[in-house]
Amino acid sequence: MKTFNYHSAKDVKEASKLASSNSAFLAGGMTTIPSMKLGLASYKDIIDIKRIKKLSGIKVSGKTVTIGATTKHSEVASSKDVKKAIPSLAALAEGIGDPQVRNRGTIGGSIANNDPAADYPSACIALNATIHTNNRSIDAEKFFRGMFETCLKSTEVIESIEFSIPQKSSYQKLPNPASRYAIVGVYVAQHKTGINVGVTGAKSCVYNDKDLAGALTKNFSSSAIDSVKVSSSGMNSDIHASSDYRANMVKAFAKKAVDAC
Amino acid sequence: MKKIALEVNGKKVTKEISDHTTLSGLLRDILNLTGTHIGCDTSQCGACVVHVDGKSIKSCTALAADLDGSKVTTIEGLASNGKLHPMQEAFKKMHGLQCGFCTPGMVMSAVDLLKNKKNPTDQEIRDWLEGNICRCTGYHNIVAAVKEAASKM
């Protein structure tokens with residue numbers, strides 16, 4: 001791993017001030033550190049934000065669940081408040097990586113990285129999340145831009161993610177047997193305002209499948225999905241799964257999610 | 001360079017380290033605690049699992065600089081007064097290892113599991129050990145060893 005200057009920021013203001021186009025914020029480091037080791041990324045400055053207390057924790061209000069950016073997956077998975085308000089979100093956290101990754105990895109890190117196969121981005125889409133940073137609040141639909149790309153600026157720090165509590169929801173994924181990343185993951189959520197179907201793993205970036213959501217709006221049952229044609233155009237194709245297979249799995253796991261709602 | 005102070009296996013340690021030193025590097029190369037193994041070095045194989053402040057983590061993917069003030073337990077810290085930890089004893093008794101490379105990580109993960117779940121089922125053990133890869137045993141005896149330890153602890 002190439003060397004860098006390590007900074008532990010005491011507050012968000014300091015973290016933002018230290019940041020540049022040649023720096024990275026460090027939370028759990030579950031992607032950042034291996035990426036640096038593999039030579040896929042290098043930075044002049046690594047700015048650790050783990051010791052900033054206000055970035056961690058879970059708050060539930062009447063309509064939303066707000067999770068601090070440096071809250072670990074294991075904390076979300078075991079939170080009684082999350083389990084009660086949005087059980088599917090706690091279950092999603094429980095299915096990320098392995099226990100040691102869940103003990104270090106954070107929700108803010110996951111969405112800032114925006115891995116095309118990460119679990120949390122689909123939750124942000126399905127649960128109408130608002131991403132709060134140190135200078136603005138961003139709708140999830142606008143936050144995720146493309147493969148490993150978000151609309152965050154280099155000095156911008158995610159502070160928390162606010163999820164709307166749905167009437168019912170479920171996240172179902174076909175995990176890669178080795179990494180547990182989603183080959184395909186589908187998050188179905190029914191809100192008073194409408195239905196979202198967040199899909200991860202299938203394309204270069206998470207997306208809301210409007211066709212599936214439309215079919216479920218007319219008839220919220222897994223049989224409603226049968227008649228929807230999910231196109232494989234633009235879907236990932238790799239050694240784990242072809243694009244046609246992924247398209248089929250989007251349908252299969254959407255049905256599974258609806259049945260589990 | 002950064003100066004850090006932490007507790008490793010109950011002993012206070014103060015060291016000057018490079019900013020990019022990992023915890024596994026600190027343990028093995030600076031503190032000579034070579035029981036913690038480095039396999040994949042990218043947090044997949046689990047050979048480097050240690051406990052930090054009571055929780056199991058992969059030490060290859062943690063910067064030593066960010067663990068200032070932490071309490072670390074490695075495989076060397078499990079035995080007390082020359083007596084193996086019940087988990088180590090169980091791995092030995094149930095033949096839970098062949099080459100032994102993955103074993104320190106397996107044992108440290110399994111000890112963390114039993115802290116949270118006293119009598120895990122086979123499936124719970126297999127799920128928990130998802131981040132520990134063994135290329136010899138096929139896991140059967142590892143699961144048996146964890147069950148044996150659970151019955152003794």
# chains A, B, ... in the order shown; residues from 1 in each chain; ligands from 1
>>> interface_residues(of="chain B", to="chain A", cutoff="10 Å", atoms="only C-alpha atoms", output="ChimeraX atom specification")
/B:1-2,18-22,41-46,49-52,55-63,65-66,109,112-113,127-133
>>> residues_around(residues="Lys3 of chain B", least_positions_apart="5", cutoff="9 Å", atoms="only C-alpha atoms", output="list in words")
Thr14, Lys15, Glu16, Ile17, Ser18, Ala65 and Asp68 of chain B
>>> residues_around(residues="segment 8-12 of chain B", least_positions_apart="5", cutoff="10 Å", atoms="only C-alpha atoms", output="number ranges by chain")
B: 27, 31, 33, 51-52, 69-78
>>> write_last_selection(atoms="N, CA and C atoms", output="CSV table (one decimal), in the first residue's frame")
chain,number,residue,atom,x,y,z
B,27,LEU,N,1.1,-6.0,14.5
B,27,LEU,CA,1.2,-7.2,15.3
B,27,LEU,C,2.3,-8.1,14.9
B,31,LEU,N,5.5,-6.1,16.7
B,31,LEU,CA,5.3,-6.8,18.0
B,31,LEU,C,5.7,-8.3,17.9
B,33,LEU,N,4.1,-10.8,17.0
B,33,LEU,CA,3.0,-11.7,17.3
B,33,LEU,C,2.6,-12.3,16.0
B,51,HIS,N,-9.5,-9.6,18.0
B,51,HIS,CA,-10.5,-8.9,18.7
B,51,HIS,C,-10.0,-7.5,19.0
B,52,VAL,N,-10.8,-6.5,18.7
B,52,VAL,CA,-10.5,-5.1,19.1
B,52,VAL,C,-11.7,-4.6,19.9
B,69,GLY,N,-5.5,3.7,21.6
B,69,GLY,CA,-6.4,3.6,22.7
B,69,GLY,C,-7.2,2.3,22.8
B,70,SER,N,-7.1,1.5,21.8
B,70,SER,CA,-7.9,0.2,21.8
B,70,SER,C,-7.3,-0.9,22.6
B,71,LYS,N,-8.2,-1.9,22.8
B,71,LYS,CA,-7.7,-3.1,23.5
B,71,LYS,C,-7.7,-4.2,22.4
B,72,VAL,N,-6.6,-4.8,22.2
B,72,VAL,CA,-6.5,-5.9,21.1
B,72,VAL,C,-6.2,-7.2,21.8
B,73,THR,N,-6.9,-8.3,21.3
B,73,THR,CA,-6.6,-9.6,21.8
B,73,THR,C,-6.3,-10.4,20.5
B,74,THR,N,-5.1,-11.1,20.5
B,74,THR,CA,-4.8,-12.0,19.4
B,74,THR,C,-4.8,-13.4,19.9
B,75,ILE,N,-4.5,-14.3,19.0
B,75,ILE,CA,-4.5,-15.8,19.3
B,75,ILE,C,-3.6,-16.0,20.4
B,76,GLU,N,-2.5,-15.3,20.5
B,76,GLU,CA,-1.5,-15.5,21.6
B,76,GLU,C,-2.1,-15.1,23.0
B,77,GLY,N,-3.2,-14.3,22.9
B,77,GLY,CA,-3.7,-13.9,24.2
B,77,GLY,C,-4.8,-14.8,24.8
B,78,LEU,N,-5.1,-15.9,24.1
B,78,LEU,CA,-6.2,-16.7,24.5
B,78,LEU,C,-5.9,-17.7,25.7
>>> closest_residue(among="A:Ser122, A:Tyr245, A:Thr155, A:Glu75", to="Ser23 of chain A", atoms="only C-alpha atoms")
A:Thr155
>>> residues_around(residues="Ser56 of chain A", least_positions_apart="2", cutoff="8 Å", atoms="only C-alpha atoms", output="JSON list (two decimals) with N, CA and C atoms, in the first residue's frame")
[["chain", "number", "residue", "atom", "x", "y", "z"],
["A", 52, "ILE", "N", -15.72, 11.06, 15.15],
["A", 52, "ILE", "CA", -16.69, 12.17, 15.24],
["A", 52, "ILE", "C", -18.00, 11.59, 15.77],
["A", 53, "LYS", "N", -18.27, 11.87, 17.03],
["A", 53, "LYS", "CA", -19.39, 11.18, 17.71],
["A", 53, "LYS", "C", -20.74, 11.41, 17.05],
["A", 54, "LYS", "N", -20.97, 12.63, 16.57],
["A", 54, "LYS", "CA", -22.32, 12.91, 16.07],
["A", 54, "LYS", "C", -22.65, 12.18, 14.76],
["A", 58, "ILE", "N", -28.55, 5.83, 15.82],
["A", 58, "ILE", "CA", -29.82, 5.56, 15.13],
["A", 58, "ILE", "C", -30.95, 6.29, 15.84],
["A", 67, "ILE", "N", -30.09, 7.19, 10.29],
["A", 67, "ILE", "CA", -28.90, 6.44, 10.71],
["A", 67, "ILE", "C", -27.66, 7.27, 10.41],
["A", 68, "GLY", "N", -26.84, 7.48, 11.43],
["A", 68, "GLY", "CA", -25.61, 8.24, 11.28],
["A", 68, "GLY", "C", -24.66, 7.55, 10.31],
["A", 69, "ALA", "N", -23.87, 8.35, 9.60],
["A", 69, "ALA", "CA", -23.03, 7.83, 8.52],
["A", 69, "ALA", "C", -22.04, 6.76, 8.97],
["A", 70, "THR", "N", -21.49, 6.90, 10.18],
["A", 70, "THR", "CA", -20.46, 5.93, 10.60],
["A", 70, "THR", "C", -21.04, 4.79, 11.44],
["A", 71, "THR", "N", -22.37, 4.67, 11.43],
["A", 71, "THR", "CA", -23.00, 3.55, 12.14],
["A", 71, "THR", "C", -22.66, 2.25, 11.41]]
>>> select_by_dssp(residues="segment 85-205 of chain A", states="alpha helix (DSSP H)", output="PyMOL selection string")
chain A and resi 85+87-94+99-102+107-113+120-126+140-143
>>> atom_distance(atom1="atom CA of Asn236 of chain A", atom2="atom CA of His191 of chain A")
29.2 Å
>>> residues_around(residues="segment 150-154 of chain A", least_positions_apart="5", cutoff="8 Å", atoms="only C-alpha atoms", output="list in words")
Ala19, Ser20, Ser21, Ser23, Ala24, Ala112, Asn113, Asn114, Lys142, Phe143, Phe144 and Arg145 of chain A
>>> write_last_selection(atoms="N, CA and C atoms", output="short mmCIF file (atom, residue, chain, number, x, y, z; two decimals), in the first residue's frame")
data_model
loop_
_atom_site.label_atom_id
_atom_site.label_comp_id
_atom_site.auth_asym_id
_atom_site.auth_seq_id
_atom_site.Cartn_x
_atom_site.Cartn_y
_atom_site.Cartn_z
N ALA A 19 -10.01 17.91 3.49
CA ALA A 19 -10.27 17.16 2.25
C ALA A 19 -9.83 17.93 1.01
N SER A 20 -9.47 17.16 -0.01
CA SER A 20 -9.08 17.76 -1.29
C SER A 20 -9.45 16.76 -2.39
N SER A 21 -9.05 17.06 -3.62
CA SER A 21 -9.33 16.11 -4.69
C SER A 21 -8.42 14.87 -4.60
N SER A 23 -7.82 13.19 -1.61
CA SER A 23 -8.01 12.62 -0.27
C SER A 23 -9.22 11.69 -0.28
N ALA A 24 -9.32 10.90 0.77
CA ALA A 24 -10.53 10.08 0.97
C ALA A 24 -10.90 10.12 2.43
N ALA A 112 -21.45 6.02 -0.09
CA ALA A 112 -20.49 6.93 -0.72
C ALA A 112 -19.69 6.19 -1.78
N ASN A 113 -19.41 4.91 -1.53
CA ASN A 113 -18.65 4.09 -2.47
C ASN A 113 -19.51 3.72 -3.68
N ASN A 114 -20.81 3.53 -3.42
CA ASN A 114 -21.77 3.16 -4.48
C ASN A 114 -21.28 2.03 -5.38
N LYS A 142 -31.32 11.15 -6.75
CA LYS A 142 -30.33 12.04 -7.39
C LYS A 142 -28.91 11.77 -6.91
N PHE A 143 -28.81 11.05 -5.80
CA PHE A 143 -27.50 10.85 -5.16
C PHE A 143 -26.61 9.88 -5.94
N PHE A 144 -27.22 8.76 -6.39
CA PHE A 144 -26.43 7.71 -7.08
C PHE A 144 -26.35 8.04 -8.56
N ARG A 145 -25.13 8.27 -9.05
CA ARG A 145 -24.96 8.77 -10.42
C ARG A 145 -24.54 7.70 -11.42
#
>>> atom_distance(atom1="atom CA of Ile30 of chain B", atom2="atom CA of Gly54 of chain B")
22.2 Å
>>> select_by_dssp(residues="segment 59-260 of chain A", states="strand (DSSP E)", output="PyMOL selection string")
chain A and resi 59-60+64-68+130-133+137-139+144-146+149-150+158-164+168-175+182-191+194-200+207-208
>>> atom_distance(atom1="atom CA of Lys13 of chain A", atom2="atom CA of Lys63 of chain A")
29.2 Å
>>> residues_around(residues="Val184 of chain A", least_positions_apart="2", cutoff="10 Å", atoms="only C-alpha atoms", output="PyMOL selection string")
chain A and resi 116-119+172-176+181-182+186+199-203+236+241+245-254
>>> write_last_selection(atoms="C-alpha atoms", output="PDB file, in the first residue's frame")
ATOM      1  CA  PRO A 116     -22.927  -1.499  -8.207  1.00  0.00           C
ATOM      2  CA  ALA A 117     -23.505  -4.662  -6.140  1.00  0.00           C
ATOM      3  CA  ALA A 118     -23.760  -3.068  -2.683  1.00  0.00           C
ATOM      4  CA  ASP A 119     -26.923  -3.662  -0.654  1.00  0.00           C
ATOM      5  CA  GLN A 172     -34.207 -10.257  -1.234  1.00  0.00           C
ATOM      6  CA  LYS A 173     -30.881 -10.966  -2.852  1.00  0.00           C
ATOM      7  CA  LEU A 174     -29.031 -13.627  -4.712  1.00  0.00           C
ATOM      8  CA  PRO A 175     -25.662 -13.339  -2.999  1.00  0.00           C
ATOM      9  CA  ASN A 176     -22.386 -14.184  -4.623  1.00  0.00           C
ATOM     10  CA  TYR A 181     -22.255  -9.075  -2.657  1.00  0.00           C
ATOM     11  CA  ALA A 182     -25.543  -9.100  -4.551  1.00  0.00           C
ATOM     12  CA  VAL A 186     -34.321  -6.381  -5.089  1.00  0.00           C
ATOM     13  CA  VAL A 199     -32.556  -3.037  -7.818  1.00  0.00           C
ATOM     14  CA  THR A 200     -28.862  -3.524  -7.131  1.00  0.00           C
ATOM     15  CA  GLY A 201     -26.238  -5.793  -8.696  1.00  0.00           C
ATOM     16  CA  ALA A 202     -28.007  -5.938 -12.047  1.00  0.00           C
ATOM     17  CA  LYS A 203     -26.675  -2.802 -13.780  1.00  0.00           C
ATOM     18  CA  ASN A 236     -24.038  -6.616 -16.154  1.00  0.00           C
ATOM     19  CA  ALA A 241     -23.976 -14.319 -14.235  1.00  0.00           C
ATOM     20  CA  TYR A 245     -29.685 -14.548 -16.171  1.00  0.00           C
ATOM     21  CA  ARG A 246     -29.593 -11.316 -14.177  1.00  0.00           C
ATOM     22  CA  ALA A 247     -32.745 -10.047 -15.889  1.00  0.00           C
ATOM     23  CA  ASN A 248     -34.494 -13.272 -14.955  1.00  0.00           C
ATOM     24  CA  MET A 249     -33.223 -13.033 -11.387  1.00  0.00           C
ATOM     25  CA  VAL A 250     -34.534  -9.468 -11.034  1.00  0.00           C
ATOM     26  CA  LYS A 251     -37.996 -10.866 -11.717  1.00  0.00           C
ATOM     27  CA  ALA A 252     -37.527 -13.909  -9.503  1.00  0.00           C
ATOM     28  CA  PHE A 253     -36.226 -11.901  -6.563  1.00  0.00           C
ATOM     29  CA  ALA A 254     -38.837  -9.173  -6.995  1.00  0.00           C
TER      30      ALA A 254
END
